[in-house]
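Have a look at work.txt; it's compact mmCIF, C-alpha atoms:
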```
# COMPACT_ATOMS: atom_id res chain seq x y z
CA MET A 1 18.59 11.51 -13.66
CA ASP A 2 16.57 9.09 -15.81
CA THR A 3 19.06 6.29 -16.48
CA ASP A 4 19.41 2.55 -16.06
CA GLU A 5 20.81 3.31 -12.61
CA ASN A 6 17.30 3.89 -11.30
CA SER A 7 15.95 1.39 -8.80
CA THR A 8 12.47 -0.14 -8.76
CA ILE A 9 9.91 -0.46 -5.98
CA TYR A 10 7.27 -3.18 -5.93
CA LEU A 11 4.57 -1.78 -3.63
CA VAL A 12 2.22 -4.62 -2.66
CA ARG A 13 -0.95 -4.94 -0.63
CA HIS A 14 -1.06 -7.98 1.66
CA GLY A 15 -3.10 -11.08 0.85
CA GLU A 16 -6.73 -11.55 1.80
CA SER A 17 -7.15 -11.60 5.57
CA MET A 18 -9.79 -12.62 8.10
CA GLY A 19 -10.87 -9.02 8.56
CA ASN A 20 -11.48 -8.72 4.82
CA ILE A 21 -13.85 -11.68 4.60
CA ARG A 22 -15.58 -10.99 7.92
CA ARG A 23 -15.86 -7.27 7.11
CA ILE A 24 -14.63 -6.35 10.57
CA LEU A 25 -11.80 -4.03 11.65
CA LEU A 26 -9.97 -6.78 13.52
CA SER A 27 -6.90 -6.31 15.68
CA PRO A 28 -3.56 -7.05 13.96
CA GLU A 29 -3.21 -10.24 16.03
CA GLU A 30 -6.55 -11.59 14.79
CA ASP A 31 -6.32 -10.34 11.22
CA VAL A 32 -4.24 -13.12 9.65
CA LEU A 33 -4.23 -14.44 6.08
CA THR A 34 -7.07 -16.68 4.95
CA GLU A 35 -6.48 -19.78 2.83
CA THR A 36 -7.37 -17.67 -0.19
CA GLY A 37 -4.88 -15.05 0.95
CA GLN A 38 -2.16 -17.67 1.22
CA GLU A 39 -2.92 -18.84 -2.31
CA GLN A 40 -2.79 -15.25 -3.57
CA VAL A 41 0.63 -14.87 -1.97
CA GLU A 42 1.85 -18.10 -3.53
CA ARG A 43 0.69 -16.95 -6.94
CA LEU A 44 2.33 -13.55 -6.50
CA GLY A 45 5.57 -15.23 -5.44
CA LYS A 46 5.62 -17.30 -8.61
CA HIS A 47 4.73 -14.24 -10.67
CA LEU A 48 7.70 -12.30 -9.24
CA SER A 49 10.08 -15.24 -8.86
CA ASP A 50 12.50 -13.91 -11.48
CA VAL A 51 12.82 -10.51 -9.76
CA LYS A 52 16.03 -10.26 -7.75
CA PHE A 53 15.02 -8.37 -4.63
CA SER A 54 17.88 -6.70 -2.80
CA LEU A 55 15.77 -4.99 -0.14
CA ALA A 56 12.48 -6.02 1.46
CA PHE A 57 10.25 -4.09 3.87
CA SER A 58 6.95 -4.91 5.50
CA SER A 59 4.52 -3.62 8.05
CA ASP A 60 5.01 -5.54 11.27
CA TYR A 61 1.42 -6.82 11.13
CA GLN A 62 1.22 -10.56 10.65
CA ARG A 63 -0.78 -10.47 7.42
CA ALA A 64 1.84 -8.21 5.84
CA MET A 65 4.85 -10.18 7.07
CA ALA A 66 3.32 -13.48 5.89
CA THR A 67 2.80 -11.92 2.46
CA ALA A 68 6.38 -10.65 2.30
CA ASN A 69 7.90 -13.95 3.43
CA GLY A 70 5.78 -15.87 0.94
CA VAL A 71 6.92 -13.70 -1.96
CA LEU A 72 10.58 -13.86 -0.94
CA LYS A 73 10.43 -17.63 -0.45
CA ALA A 74 9.57 -18.07 -4.12
CA SER A 75 12.53 -15.99 -5.30
CA GLN A 76 15.06 -17.72 -7.54
CA ASP A 77 17.88 -15.57 -6.14
CA LEU A 78 19.39 -14.87 -2.75
CA ILE A 79 16.71 -13.70 -0.35
CA PRO A 80 17.27 -10.36 1.43
CA GLU A 81 16.49 -10.01 5.10
CA LEU A 82 12.96 -8.74 5.68
CA THR A 83 12.88 -5.43 7.55
CA GLN A 84 9.78 -4.76 9.61
CA ASP A 85 8.89 -1.08 9.72
CA ILE A 86 5.99 0.21 11.80
CA ARG A 87 5.65 3.19 9.46
CA LEU A 88 4.09 0.80 6.93
CA ARG A 89 1.29 -0.18 9.32
CA GLU A 90 -2.37 0.32 8.52
CA ARG A 91 -4.08 3.23 10.20
CA PHE A 92 -5.27 2.65 13.76
CA CYS A 93 -8.98 3.50 13.81
CA GLY A 94 -9.54 4.03 17.52
CA GLU A 95 -13.14 3.44 18.58
CA LEU A 96 -13.89 1.77 15.26
CA GLU A 97 -11.51 -1.11 16.01
CA GLY A 98 -13.57 -4.29 16.34
CA LYS A 99 -16.49 -2.71 14.49
CA THR A 100 -17.89 -3.90 11.17
CA TYR A 101 -17.16 -2.12 7.92
CA GLN A 102 -20.83 -1.11 7.82
CA GLU A 103 -20.60 0.48 11.26
CA GLY A 104 -17.48 2.33 10.17
CA LEU A 105 -19.26 3.55 7.06
CA MET A 106 -22.21 4.79 9.11
CA CYS A 107 -19.88 6.76 11.39
CA PHE A 108 -18.24 8.31 8.35
CA GLN A 109 -21.59 9.24 6.80
CA GLU A 110 -22.66 10.88 10.07
CA ALA A 111 -19.43 12.88 10.16
CA LYS A 112 -19.89 13.87 6.53
CA ALA A 113 -23.47 15.03 7.18
CA LYS A 114 -22.17 17.24 10.01
CA GLY A 115 -19.51 18.72 7.75
CA GLU A 116 -16.72 17.06 9.75
CA ALA A 117 -15.41 15.09 6.75
CA THR A 118 -15.60 15.38 2.97
CA SER A 119 -14.24 11.91 2.16
CA VAL A 120 -12.97 8.84 3.97
CA LEU A 121 -9.47 10.15 3.36
CA ASP A 122 -10.02 13.08 5.75
CA PHE A 123 -12.29 11.27 8.20
CA GLU A 124 -10.83 11.47 11.72
CA THR A 125 -11.91 8.62 14.00
CA LYS A 126 -12.26 9.07 17.77
CA GLY A 127 -9.16 7.79 19.51
CA GLY A 128 -7.60 6.86 16.16
CA GLU A 129 -4.48 7.93 14.33
CA SER A 130 -4.87 11.24 12.54
CA ILE A 131 -4.59 11.43 8.77
CA SER A 132 -1.68 13.86 9.13
CA SER A 133 0.22 11.44 11.37
CA LEU A 134 -0.42 8.59 8.94
CA SER A 135 0.72 10.72 5.99
CA ASP A 136 3.85 11.93 7.78
CA ARG A 137 5.10 8.44 8.66
CA LEU A 138 4.47 7.07 5.18
CA ILE A 139 6.12 10.03 3.45
CA GLY A 140 9.00 9.75 5.92
CA PHE A 141 9.53 6.08 5.11
CA LEU A 142 9.44 6.65 1.36
CA LYS A 143 11.78 9.65 1.50
CA GLU A 144 14.29 7.77 3.65
CA LEU A 145 14.23 4.78 1.29
CA CYS A 146 14.66 6.89 -1.85
CA ASP A 147 17.54 8.83 -0.32
CA LYS A 148 19.19 5.51 0.51
CA LEU A 149 18.75 4.32 -3.08
CA ASP A 150 20.53 7.44 -4.31
CA ASN A 151 23.66 6.28 -2.54
CA VAL A 152 23.97 2.77 -3.97
CA GLU A 153 26.03 2.09 -7.08
CA THR A 154 23.86 -0.70 -8.51
CA THR A 155 20.16 -0.76 -9.26
CA GLN A 156 17.96 -2.24 -6.57
CA ASN A 157 14.64 -4.05 -6.63
CA VAL A 158 12.73 -3.25 -3.46
CA LEU A 159 9.76 -5.21 -2.11
CA ILE A 160 7.36 -3.27 0.11
CA ILE A 161 4.28 -4.85 1.72
CA SER A 162 1.71 -2.51 3.24
CA HIS A 163 -2.06 -2.00 3.45
CA SER A 164 -4.79 -0.59 1.26
CA PHE A 165 -5.70 2.55 3.22
CA ALA A 166 -2.07 3.31 3.99
CA VAL A 167 -1.12 3.14 0.30
CA ALA A 168 -4.18 5.22 -0.64
CA THR A 169 -3.26 7.87 1.91
CA LEU A 170 0.30 8.02 0.62
CA LEU A 171 -0.75 8.46 -3.01
CA ASN A 172 -3.45 10.94 -2.10
CA CYS A 173 -1.04 12.98 -0.01
CA ILE A 174 1.42 13.25 -2.89
CA SER A 175 -1.12 13.79 -5.68
CA VAL A 176 -3.82 15.89 -4.08
CA LYS A 177 -2.15 17.58 -1.13
CA ASN A 178 0.89 18.39 -3.26
CA SER A 179 3.66 16.95 -1.14
CA GLN A 180 6.86 18.89 -1.76
CA GLU A 181 8.87 15.69 -1.61
CA PHE A 182 7.62 13.78 -4.67
CA ILE A 183 6.25 14.06 -8.18
CA LEU A 184 4.32 11.15 -9.65
CA ARG A 185 4.97 10.44 -13.32
CA ASN A 186 2.59 8.32 -15.42
CA TRP A 187 -0.06 8.61 -12.71
CA ASN A 188 -3.53 10.04 -13.40
CA HIS A 189 -5.06 10.43 -9.95
CA GLU A 190 -8.64 10.70 -11.15
CA LYS A 191 -8.29 7.56 -13.26
CA ASP A 192 -5.74 5.47 -11.34
CA PHE A 193 -6.72 6.13 -7.74
CA LYS A 194 -8.86 3.21 -6.60
CA VAL A 195 -8.92 0.33 -4.17
CA MET A 196 -5.76 -1.76 -4.25
CA GLU A 197 -6.91 -5.38 -4.24
CA ASN A 198 -5.20 -8.07 -2.17
CA THR A 199 -1.67 -8.92 -3.47
CA CYS A 200 -1.94 -6.50 -6.36
CA TYR A 201 1.04 -4.20 -6.75
CA MET A 202 2.42 -0.98 -8.15
CA LYS A 203 5.77 -1.11 -9.95
CA ILE A 204 7.50 2.22 -9.47
CA LYS A 205 10.83 3.47 -10.82
CA VAL A 206 12.70 5.72 -8.41
CA ILE A 207 14.50 8.39 -10.41
CA LYS A 208 17.87 9.16 -8.87
CA LYS A 209 18.61 12.72 -7.87
CA LEU A 210 21.73 14.47 -9.05
CA PRO A 211 23.89 15.78 -6.18
CA GLU A 212 23.10 19.35 -7.17
CA ALA A 213 19.35 18.65 -7.12
CA THR A 214 18.95 17.48 -3.54
CA ASP A 215 16.32 20.14 -2.77
CA SER A 216 14.12 19.30 -5.76
CA PRO A 217 11.15 16.92 -5.57
CA ARG A 218 11.78 13.22 -6.18
CA ILE A 219 10.29 11.75 -9.37
CA LEU A 220 8.52 8.41 -9.05
CA GLU A 221 7.54 6.84 -12.36
CA PHE A 222 4.78 4.24 -12.42
CA MET A 223 5.66 1.27 -14.64
CA ALA A 224 2.61 -0.79 -13.63
CA LYS A 225 -0.51 0.09 -11.66
CA HIS A 226 -2.80 -2.31 -9.78
CA GLN A 227 -1.03 -5.25 -11.40
CA GLY A 228 -2.96 -8.45 -10.71
CA ASP A 229 -2.28 -10.82 -13.59
CA HIS A 230 -1.32 -13.55 -11.11
CA LEU A 231 -4.92 -13.61 -9.84
CA LYS A 232 -6.48 -14.52 -13.19
CA GLU A 233 -8.70 -17.61 -13.10
CA MET A 234 -8.66 -17.55 -9.31
CA VAL A 235 -12.03 -17.65 -7.55
CA ILE A 236 -12.01 -14.97 -4.85
CA SER A 237 -14.70 -14.25 -2.31
CA GLY A 238 -14.65 -10.59 -3.30
CA SER A 239 -15.13 -9.55 0.32
CA PHE A 240 -13.59 -6.17 -0.28
CA SER A 241 -14.70 -5.73 -3.87
CA SER A 242 -18.33 -6.65 -3.21
CA PHE A 243 -18.44 -4.24 -0.29
CA THR A 244 -17.04 -1.43 -2.40
CA LYS A 245 -19.51 -1.89 -5.25
CA ALA A 246 -22.47 -0.72 -3.16
CA GLY A 247 -22.70 2.63 -4.91
CA ILE A 248 -20.29 4.47 -2.64
CA GLY A 249 -17.15 4.44 -4.73
CA LYS A 250 -16.51 8.20 -4.54
CA ASP A 251 -15.75 7.89 -0.84
CA TYR A 252 -12.71 5.75 -1.59
CA ASN A 253 -15.11 2.86 -1.89
CA ALA A 254 -16.10 3.22 1.75
CA CYS A 255 -12.73 1.91 2.86
CA VAL A 256 -11.90 2.75 6.47
CA GLN A 257 -9.18 0.17 7.04
CA GLN A 258 -7.80 -2.77 5.07
```
Is it possible to give me this structure as structure tokens?
Amino acid sequence: MDTDENSTIYLVRHGESMGNIRRILLSPEEDVLTETGQEQVERLGKHLSDVKFSLAFSSDYQRAMATANGVLKASQDLIPELTQDIRLRERFCGELEGKTYQEGLMCFQEAKAKGEATSVLDFETKGGESISSLSDRLIGFLKELCDKLDNVETTQNVLIISHSFAVATLLNCISVKNSQEFILRNWNHEKDFKVMENTCYMKIKVIKKLPEATDSPRILEFMAKHQGDHLKEMVISGSFSSFTKAGIGKDYNACVQQ
């Protein structure tokens, strides 16, 4: 049902963190926002200050919660309570935790050479969370949220703060693995699927389902992709971008965790 009753999701990646600039898979407790990350969040908050958020969700990792609280603080309207949801967490990488991005990349390349992985998005790390588990929790969160939005009478603006690999896994699961739950409209996977930079966001319209269409896939329409206008003229270290421009872009830019 494509009407003005449809709600909108703002899906955001957290601000730059210590793990990003040090190129290390730090623990959630260590991986906090940098000064640059805090400035990114402030800029995003100003950029979205006229959006009236009625719901707000975040991973329970500190870098995500700080991003969410910073955005909500800048709102010109009543601020909704922030809900922490562990389903929005970044993937746990097992034995790679504490390792450098380069070490993670080397492990992936070894697995690929052995035929154990074709891309970073199906690379299973020893002792880490499986890709299927990660996909299931993300799809579960999104389905639950969309079903909830079906049952509200007024349109909602929803803020969601998560992580780069988590968002990539979600989009890849829906687009490539053909999730039966969702259809992405105005999304060209080959063209639009790329690294989500710090505090950039996707603006997604959630098309309400008619009561008689409860078994049909949900339509999600992309209104904006990788939006980062608030970062213009800002000098950024490029910790993630510089790492991903090393000629390995086809492997999801060598991203193991962000």
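If only C-alpha atoms are the atoms counted, then among A:Leu220, A:Met234, A:Leu138, A:Val51 the closest residue to A:Gln156 is A:Val51.
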Show me as a PyMOL selection string the residues that reach within 12 Å of (15.1, -8.0, 2.5), counting all atoms listed in the file and using the file's own coordinates.
-> chain A and resi 52-58+65+68-69+71-73+75+77-85+156-161
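Interatomic distance, atom CA of A:Lys194 against atom CA of A:Glu90: 16.7 Å.
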If you measure from atom CA of A:Val167 to atom CA of A:Lys208, what distance in Å do you get, rounded to one decimal?
->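 Separating atom CA of A:Val167 from atom CA of A:Lys208 is a distance of 21.9 Å.
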To one decimal place, how far is atom CA of A:Phe165 from atom CA of A:Arg91 in Å?
->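 According to the coordinates, atom CA of A:Phe165 and atom CA of A:Arg91 are separated by 7.2 Å.
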For each of A:Leu121, A:Ala168, A:Ile139, A:Cys146, take the minimum atom-to-atom distance to A:Ile204, counting all atoms listed in the file, then give the residue where this is smallest.
->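 Checking each of A:Leu121, A:Ala168, A:Ile139, A:Cys146 against A:Ile204, counting all atoms listed in the file, the winner is A:Cys146.
Restricting the calculation to only C-alpha atoms, the smallest distance between A:Tyr201 and any of A:Gly94, A:Gly15, A:Gly128, A:Gly70 is found for A:Gly15.
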Among the residues A:His163, A:Lys143, A:Lys232, A:Lys225, the one that comes closest to A:Val206 [using only C-alpha atoms] =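 Between A:His163, A:Lys143, A:Lys232, A:Lys225, the residue approaching A:Val206 most closely is A:Lys143.
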Which neighbours of stretch 98-110 of chain A fall inside 8 Å, counting only C-alpha atoms, when residues of the same chain fewer than 2 positions from it are skipped, and could you give them as number ranges by chain?
-> A: 23-27, 96, 112-114, 117, 120, 123, 254-256
Export of prior selection with C-alpha atoms as a short mmCIF file (atom, residue, chain, number, x, y, z; two decimals), in the frame of the given file:
```
data_model
loop_
_atom_site.label_atom_id
_atom_site.label_comp_id
_atom_site.auth_asym_id
_atom_site.auth_seq_id
_atom_site.Cartn_x
_atom_site.Cartn_y
_atom_site.Cartn_z
CA ARG A 23 -15.86 -7.27 7.11
CA ILE A 24 -14.63 -6.35 10.57
CA LEU A 25 -11.80 -4.03 11.65
CA LEU A 26 -9.97 -6.78 13.52
CA SER A 27 -6.90 -6.31 15.68
CA LEU A 96 -13.89 1.77 15.26
CA LYS A 112 -19.89 13.87 6.53
CA ALA A 113 -23.47 15.03 7.18
CA LYS A 114 -22.17 17.24 10.01
CA ALA A 117 -15.41 15.09 6.75
CA VAL A 120 -12.97 8.84 3.97
CA PHE A 123 -12.29 11.27 8.20
CA ALA A 254 -16.10 3.22 1.75
CA CYS A 255 -12.73 1.91 2.86
CA VAL A 256 -11.90 2.75 6.47
#
```
Kindly indicate which residue among A:Ser133, A:Ser216, A:Asn178, A:Ser49 lies nearest to A:Ala74, using all atoms listed in the file for the distances.
->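 Closest to A:Ala74, using all atoms listed in the file: A:Ser49.
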Compare A:Leu184, A:Glu95, A:Asp192, A:Asn198 by their minimum atom-to-atom distance to A:Pro217, counting only C-alpha atoms, and give me the closest one.
-> A:Leu184
Got a sec to write stretch 180-197 of chain A of the block to a file, N, CA and C atoms, as a PDB file, in the first residue's frame?
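Result went into decode16.pdb, see below:
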```
ATOM      1  N   GLN A 180      12.884 -14.133   1.616  1.00  0.00           N
ATOM      2  CA  GLN A 180      11.460 -14.171   1.289  1.00  0.00           C
ATOM      3  C   GLN A 180      10.677 -13.088   2.018  1.00  0.00           C
ATOM      4  N   GLU A 181      11.360 -12.359   2.895  1.00  0.00           N
ATOM      5  CA  GLU A 181      10.673 -11.376   3.726  1.00  0.00           C
ATOM      6  C   GLU A 181      10.578  -9.996   3.083  1.00  0.00           C
ATOM      7  N   PHE A 182      11.553  -9.634   2.228  1.00  0.00           N
ATOM      8  CA  PHE A 182      11.624  -8.257   1.737  1.00  0.00           C
ATOM      9  C   PHE A 182      11.938  -8.184   0.250  1.00  0.00           C
ATOM     10  N   ILE A 183      11.499  -7.084  -0.350  1.00  0.00           N
ATOM     11  CA  ILE A 183      11.879  -6.701  -1.703  1.00  0.00           C
ATOM     12  C   ILE A 183      12.423  -5.277  -1.632  1.00  0.00           C
ATOM     13  N   LEU A 184      13.581  -5.054  -2.226  1.00  0.00           N
ATOM     14  CA  LEU A 184      14.179  -3.729  -2.218  1.00  0.00           C
ATOM     15  C   LEU A 184      13.835  -2.997  -3.512  1.00  0.00           C
ATOM     16  N   ARG A 185      13.213  -1.857  -3.366  1.00  0.00           N
ATOM     17  CA  ARG A 185      12.860  -1.025  -4.522  1.00  0.00           C
ATOM     18  C   ARG A 185      13.845   0.134  -4.619  1.00  0.00           C
ATOM     19  N   ASN A 186      14.194   0.502  -5.847  1.00  0.00           N
ATOM     20  CA  ASN A 186      15.157   1.586  -6.087  1.00  0.00           C
ATOM     21  C   ASN A 186      16.514   1.234  -5.486  1.00  0.00           C
ATOM     22  N   TRP A 187      16.891  -0.023  -5.601  1.00  0.00           N
ATOM     23  CA  TRP A 187      18.191  -0.490  -5.123  1.00  0.00           C
ATOM     24  C   TRP A 187      18.819  -1.375  -6.185  1.00  0.00           C
ATOM     25  N   ASN A 188      19.961  -0.941  -6.723  1.00  0.00           N
ATOM     26  CA  ASN A 188      20.729  -1.717  -7.694  1.00  0.00           C
ATOM     27  C   ASN A 188      21.927  -2.295  -6.955  1.00  0.00           C
ATOM     28  N   HIS A 189      21.869  -3.571  -6.640  1.00  0.00           N
ATOM     29  CA  HIS A 189      22.887  -4.152  -5.762  1.00  0.00           C
ATOM     30  C   HIS A 189      24.299  -4.018  -6.331  1.00  0.00           C
ATOM     31  N   GLU A 190      24.436  -4.246  -7.609  1.00  0.00           N
ATOM     32  CA  GLU A 190      25.761  -4.159  -8.226  1.00  0.00           C
ATOM     33  C   GLU A 190      26.324  -2.743  -8.146  1.00  0.00           C
ATOM     34  N   LYS A 191      25.463  -1.749  -8.257  1.00  0.00           N
ATOM     35  CA  LYS A 191      25.889  -0.354  -8.253  1.00  0.00           C
ATOM     36  C   LYS A 191      25.903   0.246  -6.840  1.00  0.00           C
ATOM     37  N   ASP A 192      24.923  -0.081  -6.036  1.00  0.00           N
ATOM     38  CA  ASP A 192      24.723   0.604  -4.753  1.00  0.00           C
ATOM     39  C   ASP A 192      25.378  -0.083  -3.565  1.00  0.00           C
ATOM     40  N   PHE A 193      25.758  -1.340  -3.735  1.00  0.00           N
ATOM     41  CA  PHE A 193      26.338  -2.072  -2.615  1.00  0.00           C
ATOM     42  C   PHE A 193      27.808  -1.718  -2.463  1.00  0.00           C
ATOM     43  N   LYS A 194      28.138  -0.984  -1.431  1.00  0.00           N
ATOM     44  CA  LYS A 194      29.513  -0.577  -1.157  1.00  0.00           C
ATOM     45  C   LYS A 194      29.639  -0.231   0.323  1.00  0.00           C
ATOM     46  N   VAL A 195      30.840   0.089   0.718  1.00  0.00           N
ATOM     47  CA  VAL A 195      31.099   0.417   2.113  1.00  0.00           C
ATOM     48  C   VAL A 195      30.246   1.604   2.549  1.00  0.00           C
ATOM     49  N   MET A 196      29.630   1.474   3.699  1.00  0.00           N
ATOM     50  CA  MET A 196      28.864   2.569   4.279  1.00  0.00           C
ATOM     51  C   MET A 196      29.812   3.360   5.180  1.00  0.00           C
ATOM     52  N   GLU A 197      30.097   4.589   4.807  1.00  0.00           N
ATOM     53  CA  GLU A 197      31.055   5.396   5.564  1.00  0.00           C
ATOM     54  C   GLU A 197      30.454   5.848   6.896  1.00  0.00           C
TER      55      GLU A 197
END
```
